[in-house]
file query_3.cif (mmCIF, C-alpha atoms)
data_final
#
loop_
_atom_site.group_PDB
_atom_site.id
_atom_site.type_symbol
_atom_site.label_atom_id
_atom_site.label_comp_id
_atom_site.auth_asym_id
_atom_site.auth_seq_id
_atom_site.Cartn_x
_atom_site.Cartn_y
_atom_site.Cartn_z
ATOM 1 C CA MET A 1 0.000 0.000 0.000
ATOM 2 C CA MET A 2 1.563 3.295 -1.048
ATOM 3 C CA THR A 3 1.508 5.893 1.681
ATOM 4 C CA ARG A 4 3.635 8.651 0.226
ATOM 5 C CA ARG A 5 2.283 11.194 -2.222
ATOM 6 C CA TRP A 6 5.255 11.422 -4.556
ATOM 7 C CA ALA A 7 5.901 9.009 -7.425
ATOM 8 C CA TRP A 8 6.738 5.371 -6.627
ATOM 9 C CA LEU A 9 7.855 2.661 -8.913
ATOM 10 C CA ALA A 10 5.710 -0.401 -8.581
ATOM 11 C CA MET A 11 7.319 -3.793 -8.171
ATOM 12 C CA VAL A 12 7.498 -6.119 -11.115
ATOM 13 C CA ALA A 13 4.371 -8.236 -10.974
ATOM 14 C CA TRP A 14 3.067 -11.176 -12.933
ATOM 15 C CA PHE A 15 -0.509 -10.579 -13.974
ATOM 16 C CA THR A 16 -2.927 -13.238 -14.911
ATOM 17 C CA GLY A 17 -5.398 -11.025 -16.657
ATOM 18 C CA VAL A 18 -7.773 -12.361 -19.249
ATOM 19 C CA SER A 19 -5.830 -10.974 -22.167
ATOM 20 C CA ALA A 20 -2.330 -11.762 -20.916
ATOM 21 C CA ASN A 21 -0.089 -14.278 -22.607
ATOM 22 C CA GLU A 22 1.294 -16.608 -19.984
ATOM 23 C CA GLU A 23 4.832 -15.831 -21.152
ATOM 24 C CA THR A 24 4.447 -12.032 -21.065
ATOM 25 C CA GLN A 25 6.243 -10.231 -18.308
ATOM 26 C CA VAL A 26 4.282 -7.232 -17.082
ATOM 27 C CA THR A 27 5.465 -4.219 -15.129
ATOM 28 C CA HIS A 28 2.894 -1.807 -13.759
ATOM 29 C CA LEU A 29 4.157 1.654 -12.854
ATOM 30 C CA THR A 30 1.845 3.752 -10.716
ATOM 31 C CA ASP A 31 2.094 6.659 -8.367
ATOM 32 C CA ASP A 32 0.058 7.841 -5.466
ATOM 33 C CA ALA A 33 -0.514 11.288 -6.879
ATOM 34 C CA GLY A 34 -3.664 10.456 -8.807
ATOM 35 C CA ASP A 35 -7.178 10.905 -7.550
ATOM 36 C CA ARG A 36 -8.299 7.585 -8.941
ATOM 37 C CA GLN A 37 -6.629 4.241 -8.472
ATOM 38 C CA PRO A 38 -6.804 1.352 -10.921
ATOM 39 C CA LEU A 39 -8.991 -1.533 -9.854
ATOM 40 C CA GLN A 40 -8.631 -4.043 -12.666
ATOM 41 C CA THR A 41 -5.868 -3.439 -15.177
ATOM 42 C CA MET A 42 -6.170 -5.526 -18.299
ATOM 43 C CA ILE A 43 -2.981 -6.326 -20.133
ATOM 44 C CA PRO A 44 -2.897 -5.896 -23.898
ATOM 45 C CA VAL A 45 -1.974 -8.852 -26.033
ATOM 46 C CA TYR A 46 1.393 -8.601 -27.756
ATOM 47 C CA PRO A 47 0.359 -8.835 -31.424
ATOM 48 C CA GLU A 48 1.538 -12.055 -33.021
ATOM 49 C CA ARG A 49 2.768 -10.337 -36.165
ATOM 50 C CA ALA A 50 4.732 -7.857 -34.074
ATOM 51 C CA ARG A 51 6.301 -10.682 -32.172
ATOM 52 C CA ARG A 52 7.070 -12.546 -35.389
ATOM 53 C CA ASP A 53 8.695 -9.505 -36.977
ATOM 54 C CA ARG A 54 10.428 -8.468 -33.728
ATOM 55 C CA LEU A 55 8.570 -5.149 -33.506
ATOM 56 C CA GLU A 56 8.563 -3.033 -30.363
ATOM 57 C CA GLY A 57 6.599 0.106 -29.660
ATOM 58 C CA ASP A 58 4.919 2.526 -27.292
ATOM 59 C CA VAL A 59 1.312 3.651 -27.188
ATOM 60 C CA GLU A 60 -0.095 6.438 -25.033
ATOM 61 C CA VAL A 61 -3.837 6.126 -24.566
ATOM 62 C CA CYS A 62 -5.955 8.866 -22.983
ATOM 63 C CA PHE A 63 -9.425 8.289 -21.622
ATOM 64 C CA SER A 64 -12.076 9.399 -19.176
ATOM 65 C CA VAL A 65 -12.978 7.643 -15.935
ATOM 66 C CA ASP A 66 -16.449 8.157 -14.468
ATOM 67 C CA ARG A 67 -17.481 7.959 -10.823
ATOM 68 C CA GLU A 68 -18.215 4.272 -11.133
ATOM 69 C CA GLY A 69 -14.709 3.626 -12.369
ATOM 70 C CA ARG A 70 -15.582 2.849 -15.968
ATOM 71 C CA THR A 71 -13.434 4.090 -18.802
ATOM 72 C CA SER A 72 -14.735 5.881 -21.851
ATOM 73 C CA ARG A 73 -13.636 8.165 -24.691
ATOM 74 C CA VAL A 74 -10.576 6.063 -25.213
ATOM 75 C CA ARG A 75 -8.243 7.416 -27.841
ATOM 76 C CA VAL A 76 -4.614 7.127 -28.840
ATOM 77 C CA ARG A 77 -2.617 10.248 -28.121
ATOM 78 C CA ASN A 78 0.755 8.987 -29.308
ATOM 79 C CA SER A 79 2.114 5.770 -30.739
ATOM 80 C CA THR A 80 5.321 4.623 -32.346
ATOM 81 C CA HIS A 81 3.691 1.794 -34.313
ATOM 82 C CA ARG A 82 0.056 1.347 -35.275
ATOM 83 C CA ILE A 83 0.112 -2.387 -34.729
ATOM 84 C CA PHE A 84 0.056 -1.841 -30.968
ATOM 85 C CA GLU A 85 -2.812 0.661 -30.913
ATOM 86 C CA LYS A 86 -5.799 -1.664 -31.058
ATOM 87 C CA PRO A 87 -4.630 -4.011 -28.286
ATOM 88 C CA SER A 88 -3.909 -0.981 -26.123
ATOM 89 C CA ILE A 89 -7.356 0.505 -26.723
ATOM 90 C CA LEU A 90 -9.054 -2.798 -25.988
ATOM 91 C CA ALA A 91 -7.093 -3.202 -22.776
ATOM 92 C CA VAL A 92 -8.059 0.242 -21.535
ATOM 93 C CA ARG A 93 -11.710 -0.281 -22.419
ATOM 94 C CA ALA A 94 -11.736 -3.471 -20.370
ATOM 95 C CA SER A 95 -9.963 -1.885 -17.415
ATOM 96 C CA THR A 96 -11.655 -0.306 -14.413
ATOM 97 C CA TYR A 97 -10.838 2.068 -11.608
ATOM 98 C CA ARG A 98 -11.973 2.138 -8.004
ATOM 99 C CA PRO A 99 -15.418 3.738 -7.758
ATOM 100 C CA LEU A 100 -15.688 6.937 -5.828
ATOM 101 C CA PRO A 101 -17.506 6.746 -2.498
ATOM 102 C CA ASP A 102 -20.738 8.690 -2.258
ATOM 103 C CA ASP A 103 -19.258 11.331 -0.007
ATOM 104 C CA LYS A 104 -16.708 12.241 -2.615
ATOM 105 C CA THR A 105 -17.783 15.044 -4.909
ATOM 106 C CA LEU A 106 -15.097 14.594 -7.516
ATOM 107 C CA PRO A 107 -16.428 14.306 -11.038
ATOM 108 C CA GLY A 108 -15.015 11.952 -13.597
ATOM 109 C CA ILE A 109 -11.420 12.518 -14.585
ATOM 110 C CA LYS A 110 -9.293 12.390 -17.672
ATOM 111 C CA THR A 111 -6.069 10.496 -17.576
ATOM 112 C CA CYS A 112 -3.554 8.754 -19.811
ATOM 113 C CA ARG A 113 -1.805 5.405 -19.738
ATOM 114 C CA THR A 114 1.287 4.401 -21.671
ATOM 115 C CA PHE A 115 1.942 0.860 -22.824
ATOM 116 C CA ARG A 116 5.490 -0.082 -23.758
ATOM 117 C CA PHE A 117 5.779 -3.276 -25.780
ATOM 118 C CA ARG A 118 9.229 -4.838 -25.633
ATOM 119 C CA LEU A 119 10.923 -8.104 -26.576
ATOM 120 C CA THR A 120 13.652 -9.053 -24.145
ATOM 121 C CA PRO A 121 16.337 -11.640 -24.907
ATOM 122 C CA VAL A 122 16.014 -14.999 -23.221
ATOM 123 C CA ALA A 123 18.950 -17.216 -22.269
ATOM 124 C CA ILE A 124 19.232 -20.273 -24.475
ATOM 125 C CA GLU A 125 19.392 -23.571 -22.587
ATOM 126 C CA ASN A 126 21.342 -25.418 -25.264
ATOM 127 C CA PRO A 127 23.076 -22.804 -27.427
ATOM 128 C CA THR A 128 25.093 -25.268 -29.513
ATOM 129 C CA PRO A 129 23.134 -26.401 -32.548
ATOM 130 C CA VAL A 130 23.157 -30.113 -33.151
ATOM 131 C CA ARG A 131 23.899 -31.400 -36.640
ATOM 132 C CA MET B 1 12.831 -23.467 -24.108
ATOM 133 C CA ARG B 2 9.831 -25.574 -23.180
ATOM 134 C CA GLN B 3 7.282 -25.764 -25.937
ATOM 135 C CA THR B 4 3.862 -24.711 -24.886
ATOM 136 C CA THR B 5 0.760 -26.252 -26.323
ATOM 137 C CA GLY B 6 0.095 -23.026 -28.186
ATOM 138 C CA TRP B 7 3.552 -23.065 -29.771
ATOM 139 C CA ARG B 8 3.180 -26.664 -30.953
ATOM 140 C CA ARG B 9 -0.223 -25.835 -32.393
ATOM 141 C CA TYR B 10 1.370 -22.897 -34.190
ATOM 142 C CA GLN B 11 3.999 -25.164 -35.695
ATOM 143 C CA MET B 12 1.309 -27.554 -36.911
ATOM 144 C CA LEU B 13 -0.590 -24.709 -38.531
ATOM 145 C CA LEU B 14 2.607 -23.512 -40.123
ATOM 146 C CA ALA B 15 3.186 -26.942 -41.635
ATOM 147 C CA ILE B 16 -0.364 -26.881 -42.933
ATOM 148 C CA PHE B 17 0.239 -23.616 -44.717
ATOM 149 C CA CYS B 18 3.198 -25.193 -46.445
ATOM 150 C CA VAL B 19 0.949 -27.729 -48.099
ATOM 151 C CA SER B 20 0.953 -27.252 -51.818
ATOM 152 C CA SER B 21 -2.397 -26.298 -53.217
ATOM 153 C CA VAL B 22 -3.545 -29.171 -55.367
ATOM 154 C CA SER B 23 -5.709 -27.311 -57.755
ATOM 155 C CA ILE B 24 -5.937 -29.777 -60.556
ATOM 156 C CA ALA B 25 -7.080 -27.877 -63.585
ATOM 157 C CA THR B 26 -9.853 -29.096 -65.805
ATOM 158 C CA GLN B 27 -8.528 -31.422 -68.446
ATOM 159 C CA ALA B 28 -9.888 -31.227 -71.932
ATOM 160 C CA GLN B 29 -9.703 -34.434 -73.924
ATOM 161 C CA GLU B 30 -10.765 -33.912 -77.515
ATOM 162 C CA ALA B 31 -14.505 -33.259 -77.281
ATOM 163 C CA LYS B 32 -14.743 -34.074 -73.583
ATOM 164 C CA THR B 33 -13.897 -31.957 -70.528
ATOM 165 C CA VAL B 34 -13.138 -33.669 -67.262
ATOM 166 C CA VAL B 35 -14.114 -31.493 -64.340
ATOM 167 C CA GLY B 36 -12.675 -32.095 -60.897
ATOM 168 C CA PRO B 37 -9.479 -33.455 -59.493
ATOM 169 C CA VAL B 38 -7.638 -35.956 -61.634
ATOM 170 C CA ASN B 39 -6.063 -37.509 -58.582
ATOM 171 C CA PRO B 40 -8.806 -37.483 -55.925
ATOM 172 C CA GLU B 41 -6.684 -39.049 -53.178
ATOM 173 C CA LEU B 42 -3.972 -36.468 -53.670
ATOM 174 C CA HIS B 43 -6.574 -33.732 -53.563
ATOM 175 C CA ASP B 44 -8.309 -35.180 -50.515
ATOM 176 C CA GLY B 45 -4.982 -35.665 -48.795
ATOM 177 C CA ALA B 46 -4.191 -31.988 -49.202
ATOM 178 C CA GLU B 47 -7.622 -31.088 -47.877
ATOM 179 C CA ALA B 48 -7.115 -33.313 -44.859
ATOM 180 C CA LEU B 49 -3.766 -31.748 -44.105
ATOM 181 C CA LEU B 50 -5.243 -28.272 -44.414
ATOM 182 C CA ALA B 51 -7.960 -29.345 -42.000
ATOM 183 C CA GLY B 52 -5.321 -30.467 -39.522
ATOM 184 C CA ASP B 53 -5.807 -34.209 -39.902
ATOM 185 C CA ALA B 54 -2.228 -35.276 -40.469
ATOM 186 C CA GLU B 55 -2.806 -39.035 -40.292
ATOM 187 C CA ALA B 56 -5.560 -38.980 -42.872
ATOM 188 C CA GLY B 57 -3.676 -36.476 -44.954
ATOM 189 C CA VAL B 58 -0.537 -38.593 -45.082
ATOM 190 C CA ARG B 59 -2.478 -41.780 -45.718
ATOM 191 C CA LEU B 60 -4.428 -40.286 -48.621
ATOM 192 C CA THR B 61 -1.400 -38.555 -50.063
ATOM 193 C CA LEU B 62 0.571 -41.808 -50.069
ATOM 194 C CA ILE B 63 -2.246 -43.376 -52.067
ATOM 195 C CA GLY B 64 -2.286 -40.382 -54.347
ATOM 196 C CA LEU B 65 1.454 -40.705 -54.820
ATOM 197 C CA LYS B 66 1.080 -44.270 -56.047
ATOM 198 C CA GLN B 67 -1.504 -43.095 -58.543
ATOM 199 C CA ALA B 68 0.450 -40.069 -59.683
ATOM 200 C CA ASN B 69 0.429 -39.693 -63.440
ATOM 201 C CA SER B 70 2.803 -36.795 -63.812
ATOM 202 C CA ALA B 71 5.951 -35.360 -62.337
ATOM 203 C CA ARG B 72 3.958 -32.415 -61.010
ATOM 204 C CA GLU B 73 1.668 -34.731 -59.073
ATOM 205 C CA ARG B 74 4.669 -36.538 -57.607
ATOM 206 C CA TYR B 75 6.317 -33.294 -56.543
ATOM 207 C CA THR B 76 3.052 -32.102 -55.011
ATOM 208 C CA ALA B 77 2.661 -35.385 -53.148
ATOM 209 C CA TRP B 78 6.236 -35.299 -51.845
ATOM 210 C CA SER B 79 5.843 -31.680 -50.737
ATOM 211 C CA ASN B 80 2.610 -32.448 -48.930
ATOM 212 C CA LEU B 81 4.069 -35.559 -47.352
ATOM 213 C CA CYS B 82 6.910 -33.470 -46.015
ATOM 214 C CA ALA B 83 4.390 -31.119 -44.418
ATOM 215 C CA GLY B 84 2.299 -34.032 -43.167
ATOM 216 C CA TYR B 85 5.189 -35.840 -41.517
ATOM 217 C CA VAL B 86 6.241 -32.577 -39.874
ATOM 218 C CA MET B 87 2.786 -32.443 -38.363
ATOM 219 C CA LEU B 88 3.238 -36.027 -37.198
ATOM 220 C CA GLU B 89 6.629 -35.125 -35.716
ATOM 221 C CA GLN B 90 8.324 -37.754 -37.892
ATOM 222 C CA LEU B 91 11.063 -35.406 -38.924
ATOM 223 C CA ASP B 92 13.464 -37.807 -40.627
ATOM 224 C CA THR B 93 10.715 -39.002 -42.942
ATOM 225 C CA ALA B 94 9.614 -35.430 -43.551
ATOM 226 C CA LEU B 95 13.161 -34.480 -44.441
ATOM 227 C CA ASP B 96 13.405 -37.342 -46.886
ATOM 228 C CA TYR B 97 10.344 -36.174 -48.815
ATOM 229 C CA CYS B 98 11.435 -32.551 -48.785
ATOM 230 C CA ASN B 99 14.807 -33.593 -50.148
ATOM 231 C CA ARG B 100 13.126 -35.469 -52.980
ATOM 232 C CA VAL B 101 11.184 -32.389 -54.049
ATOM 233 C CA ILE B 102 14.154 -30.091 -53.916
ATOM 234 C CA GLU B 103 16.430 -32.498 -55.756
ATOM 235 C CA ALA B 104 13.823 -32.943 -58.454
ATOM 236 C CA THR B 105 12.756 -29.333 -58.938
ATOM 237 C CA ASP B 106 15.169 -26.954 -57.205
ATOM 238 C CA GLY B 107 12.571 -24.244 -57.640
ATOM 239 C CA HIS B 108 9.735 -25.028 -55.266
ATOM 240 C CA TRP B 109 9.762 -22.342 -52.579
ATOM 241 C CA ARG B 110 7.312 -24.251 -50.430
ATOM 242 C CA ALA B 111 9.679 -27.203 -50.386
ATOM 243 C CA TYR B 112 12.442 -24.945 -49.098
ATOM 244 C CA SER B 113 10.040 -23.551 -46.506
ATOM 245 C CA ASN B 114 9.047 -27.034 -45.377
ATOM 246 C CA ARG B 115 12.595 -28.252 -45.229
ATOM 247 C CA ALA B 116 13.694 -25.142 -43.356
ATOM 248 C CA LEU B 117 11.006 -25.878 -40.792
ATOM 249 C CA VAL B 118 12.271 -29.458 -40.459
ATOM 250 C CA TYR B 119 15.826 -28.220 -40.017
ATOM 251 C CA VAL B 120 14.701 -25.790 -37.327
ATOM 252 C CA LYS B 121 13.000 -28.572 -35.432
ATOM 253 C CA LEU B 122 16.130 -30.718 -35.855
ATOM 254 C CA LYS B 123 18.208 -27.772 -34.590
ATOM 255 C CA ARG B 124 20.187 -27.734 -37.841
ATOM 256 C CA TYR B 125 20.078 -23.975 -37.950
ATOM 257 C CA ASP B 126 22.699 -23.276 -40.612
ATOM 258 C CA GLU B 127 20.882 -25.476 -43.100
ATOM 259 C CA ALA B 128 17.578 -23.870 -42.160
ATOM 260 C CA GLU B 129 19.086 -20.464 -42.892
ATOM 261 C CA GLN B 130 20.307 -21.610 -46.294
ATOM 262 C CA ASP B 131 16.888 -22.966 -47.246
ATOM 263 C CA LEU B 132 15.163 -19.830 -46.074
ATOM 264 C CA GLN B 133 17.419 -17.680 -48.190
ATOM 265 C CA LYS B 134 16.691 -19.833 -51.221
ATOM 266 C CA GLY B 135 12.972 -19.753 -50.559
ATOM 267 C CA GLU B 136 12.974 -16.000 -50.029
ATOM 268 C CA ALA B 137 14.838 -15.505 -53.291
ATOM 269 C CA LEU B 138 12.123 -17.438 -55.091
ATOM 270 C CA SER B 139 9.192 -15.891 -53.291
ATOM 271 C CA PRO B 140 10.093 -12.675 -51.497
ATOM 272 C CA GLY B 141 7.654 -11.683 -48.811
ATOM 273 C CA ALA B 142 5.928 -15.054 -48.627
ATOM 274 C CA ARG B 143 4.085 -15.189 -45.332
ATOM 275 C CA THR B 144 5.013 -18.785 -44.652
ATOM 276 C CA LEU B 145 8.701 -18.073 -45.128
ATOM 277 C CA LYS B 146 8.413 -15.138 -42.745
ATOM 278 C CA ALA B 147 6.860 -17.416 -40.170
ATOM 279 C CA VAL B 148 9.620 -20.017 -40.520
ATOM 280 C CA ARG B 149 12.251 -17.311 -40.330
ATOM 281 C CA ALA B 150 10.637 -16.093 -37.124
ATOM 282 C CA MET B 151 10.822 -19.628 -35.746
ATOM 283 C CA LEU B 152 14.489 -19.852 -36.668
ATOM 284 C CA ARG B 153 15.185 -16.528 -35.071
ATOM 285 C CA ASP B 154 13.315 -17.559 -31.938
ATOM 286 C CA ALA B 155 15.369 -20.751 -31.778
ATOM 287 C CA VAL B 156 18.702 -18.965 -32.203
ATOM 288 C CA GLU B 157 17.885 -15.680 -30.451
ATOM 289 C CA PRO B 158 14.817 -16.288 -28.317
ATOM 290 C CA VAL B 159 12.942 -13.365 -26.872
ATOM 291 C CA ALA B 160 10.091 -13.013 -24.476
ATOM 292 C CA PRO B 161 7.443 -10.305 -24.667
ATOM 293 C CA SER B 162 7.227 -7.794 -21.893
ATOM 294 C CA ILE B 163 4.807 -4.925 -21.408
ATOM 295 C CA VAL B 164 5.241 -1.915 -19.185
ATOM 296 C CA ILE B 165 1.992 -0.218 -18.139
ATOM 297 C CA ASP B 166 2.824 3.290 -17.083
ATOM 298 C CA ASP B 167 0.052 4.957 -15.069
ATOM 299 C CA ARG B 168 2.205 7.621 -13.537
ATOM 300 C CA ARG B 169 0.605 11.036 -13.539
ATOM 301 C CA GLN B 170 1.181 12.858 -16.794
ATOM 302 C CA PRO B 171 0.038 16.362 -17.575
ATOM 303 C CA PRO B 172 -2.823 16.567 -20.068
ATOM 304 C CA GLY B 173 -1.831 17.687 -23.496
ATOM 305 C CA PRO B 174 -3.477 20.219 -25.766
ATOM 306 C CA GLY B 175 -6.765 18.989 -27.039
ATOM 307 C CA ASP B 176 -7.412 16.605 -24.185
ATOM 308 C CA ASP B 177 -10.263 18.763 -22.921
ATOM 309 C CA ASP B 178 -13.484 18.289 -24.848
#
call {"tool": "encode", "arguments": {"input": "query_3.cif", "output": "C-alpha cells"}}
result
Amino acid sequence: MMTRRWAWLAMVAWFTGVSANEETQVTHLTDDAGDRQPLQTMIPVYPERARRDRLEGDVEVCFSVDREGRTSRVRVRNSTHRIFEKPSILAVRASTYRPLPDDKTLPGIKTCRTFRFRLTPVAIENPTPVR
Amino acid sequence: MRQTTGWRRYQMLLAIFCVSSVSIATQAQEAKTVVGPVNPELHDGAEALLAGDAEAGVRLTLIGLKQANSARERYTAWSNLCAGYVMLEQLDTALDYCNRVIEATDGHWRAYSNRALVYVKLKRYDEAEQDLQKGEALSPGARTLKAVRAMLRDAVEPVAPSIVIDDRRQPPGPGDDD
C-alpha cells in the first residue's frame, strides 16, 4: 500500500489477466498522486505479427474515468507503431478504476496510460546447434 | 525453451500452410472436358492436411502418390508428405520427402520452406538459414517463409514479450479537454 504522495515505482508483478499471454512479463508503474486508483488493469496482447517480426513500440492512450470507475472516450494520443494501438485501446476499455464513495464530490477525470511493448532476450538452454 | 501447447499448435498450422495447393485444372480431352481433381486421393490428402488431420492427410497422399500420373503430381505429393510428416513429428521421414522435391525441382519455394522448418525442429540452424534464403529468393515476402524465419530466429535468439503499463501522472496535453 503506497503511503507517500510522490511518485513510486511499482514492483514487477506477474498478472494473470484475461488478455495476458502466460509468457508475457508485465510491469505496472503507478504513483500515489492520482485521484483515482486502478482496480482491474487488463494487459494488452502482444500482437503475433509484431512478435514474429520483432517489432517493439509505445502507445499512449488517454481516456475518461467516471465515478463508477468505468473508462470511456478512449483514444490514442501517441504511438510509435500502429500495430500496438488496437490491443492498447481494448485493454483500456476493459480496465476499471476504483469507484468513488458517495461522499466524494469529484467528477469523472481524464487520464492517460502508456503501454510499452518490448521483446527481451532470453537465455538459451542449449546454445550449440546439433547437426 | 519448453514448448507450450500453443507453440506446438502454431507449428502444426505452419506446416499446414506449407501444403501445396492441389488445384488440378480441368482437363480437356478432344470433345470431352473432365471437371474435378484428376487424382482425388492427392486432392483429398491436401484437404485433410489443411484441416489439420495429419494421419488422414498422409495416408491419402501416399495413395495419391502411387496413382500419380505426372511429375507435377509426384512433386506435389512429396511436398505435402513433407508437411504431413512434420505435423506427425516424424522429422526424418519429412526431411526425406522434402529432399526429394528439392532435388527434383530446385525451384519449389514451399519445399524450401518445409525443409527449413524441419531443419529448425532438428536444430540444424545453418541449413535452415540456407533454405530460407533460397525460398525467399524465389518468393520474397511469402508469409510462410516469414513465419519459418521467425521460428528460426526464436530458436537462435529467443525473446520473451514484456509490457510496461505506465500509469504515472502525466500532464494533459493540448486537445485533451473536450
call {"tool": "atom_distance", "arguments": {"input": "query_3.cif", "atom1": "CA of Ala77 in chain B", "atom2": "CA of Glu41 in chain B"}}
result
10.0 Å
call {"tool": "closest_residue", "arguments": {"input": "query_3.cif", "among": "A:Arg73, A:Asp53, A:Lys104, A:Gln40", "to": "chain B", "atoms": "all atoms listed in the file"}}
result
A:Asp53
call {"tool": "resolve_selection", "arguments": {"input": "query_3.cif", "expression": "the PyMOL selection byres ((chain B and resi 116) around 12)", "output": "count of residues only"}}
result
48
call {"tool": "resolve_selection", "arguments": {"input": "query_3.cif", "expression": "the PyMOL selection byres ((chain A) within 6 of (chain B))", "output": "count of residues only"}}
result
22
call {"tool": "resolve_selection", "arguments": {"input": "query_3.cif", "expression": "the PyMOL selection byres ((chain A and resi 84-101) around 8)", "output": "PyMOL selection string"}}
result
chain A and resi 19+36-47+57-59+61+65+67-72+74-76+79+81-83+102-104+106+115+117
call {"tool": "residues_around", "arguments": {"input": "query_3.cif", "residues": "Leu88 in chain B", "least_positions_apart": "3", "cutoff": "9 Å", "atoms": "all atoms listed in the file", "output": "count of residues only"}}
result
7
call {"tool": "atom_distance", "arguments": {"input": "query_3.cif", "atom1": "CA of Asp106 in chain B", "atom2": "CA of Arg59 in chain B"}}
result
25.8 Å
call {"tool": "build_atoms", "arguments": {"input": "query_3.cif", "residues": "range 129-143 of chain B", "atoms": "N, CA, C and O atoms", "output": "short mmCIF file (atom, residue, chain, number, x, y, z; two decimals), keeping the file's coordinate frame"}}
result
data_model
loop_
_atom_site.label_atom_id
_atom_site.label_comp_id
_atom_site.auth_asym_id
_atom_site.auth_seq_id
_atom_site.Cartn_x
_atom_site.Cartn_y
_atom_site.Cartn_z
N GLU B 129 18.82 -21.81 -42.36
CA GLU B 129 19.09 -20.46 -42.89
C GLU B 129 19.31 -20.52 -44.41
O GLU B 129 18.78 -19.69 -45.15
N GLN B 130 20.05 -21.50 -44.85
CA GLN B 130 20.31 -21.61 -46.29
C GLN B 130 19.01 -21.83 -47.06
O GLN B 130 18.78 -21.22 -48.12
N ASP B 131 18.15 -22.70 -46.56
CA ASP B 131 16.89 -22.97 -47.25
C ASP B 131 15.98 -21.74 -47.22
O ASP B 131 15.29 -21.46 -48.21
N LEU B 132 15.99 -21.03 -46.14
CA LEU B 132 15.16 -19.83 -46.07
C LEU B 132 15.62 -18.80 -47.10
O LEU B 132 14.80 -18.15 -47.75
N GLN B 133 16.90 -18.66 -47.23
CA GLN B 133 17.42 -17.68 -48.19
C GLN B 133 17.02 -18.08 -49.61
O GLN B 133 16.64 -17.23 -50.42
N LYS B 134 17.09 -19.38 -49.89
CA LYS B 134 16.69 -19.83 -51.22
C LYS B 134 15.20 -19.63 -51.44
O LYS B 134 14.76 -19.17 -52.50
N GLY B 135 14.41 -19.95 -50.45
CA GLY B 135 12.97 -19.75 -50.56
C GLY B 135 12.61 -18.29 -50.72
O GLY B 135 11.76 -17.93 -51.54
N GLU B 136 13.27 -17.44 -49.96
CA GLU B 136 12.97 -16.00 -50.03
C GLU B 136 13.40 -15.42 -51.36
O GLU B 136 12.80 -14.46 -51.85
N ALA B 137 14.43 -15.98 -51.96
CA ALA B 137 14.84 -15.50 -53.29
C ALA B 137 13.80 -15.87 -54.34
O ALA B 137 13.56 -15.12 -55.30
N LEU B 138 13.14 -17.00 -54.14
CA LEU B 138 12.12 -17.44 -55.09
C LEU B 138 10.79 -16.75 -54.85
O LEU B 138 10.04 -16.49 -55.81
N SER B 139 10.48 -16.49 -53.62
CA SER B 139 9.19 -15.89 -53.29
C SER B 139 9.35 -14.87 -52.17
O SER B 139 9.03 -15.15 -51.01
N PRO B 140 9.86 -13.69 -52.53
CA PRO B 140 10.09 -12.68 -51.50
C PRO B 140 8.79 -12.26 -50.83
O PRO B 140 7.78 -12.06 -51.48
N GLY B 141 8.82 -12.15 -49.54
CA GLY B 141 7.65 -11.68 -48.81
C GLY B 141 6.62 -12.75 -48.53
O GLY B 141 5.55 -12.45 -48.00
N ALA B 142 6.91 -13.99 -48.89
CA ALA B 142 5.93 -15.05 -48.63
C ALA B 142 5.70 -15.17 -47.13
O ALA B 142 6.64 -15.24 -46.34
N ARG B 143 4.43 -15.21 -46.75
CA ARG B 143 4.08 -15.19 -45.33
C ARG B 143 4.61 -16.42 -44.61
O ARG B 143 5.06 -16.35 -43.47
#
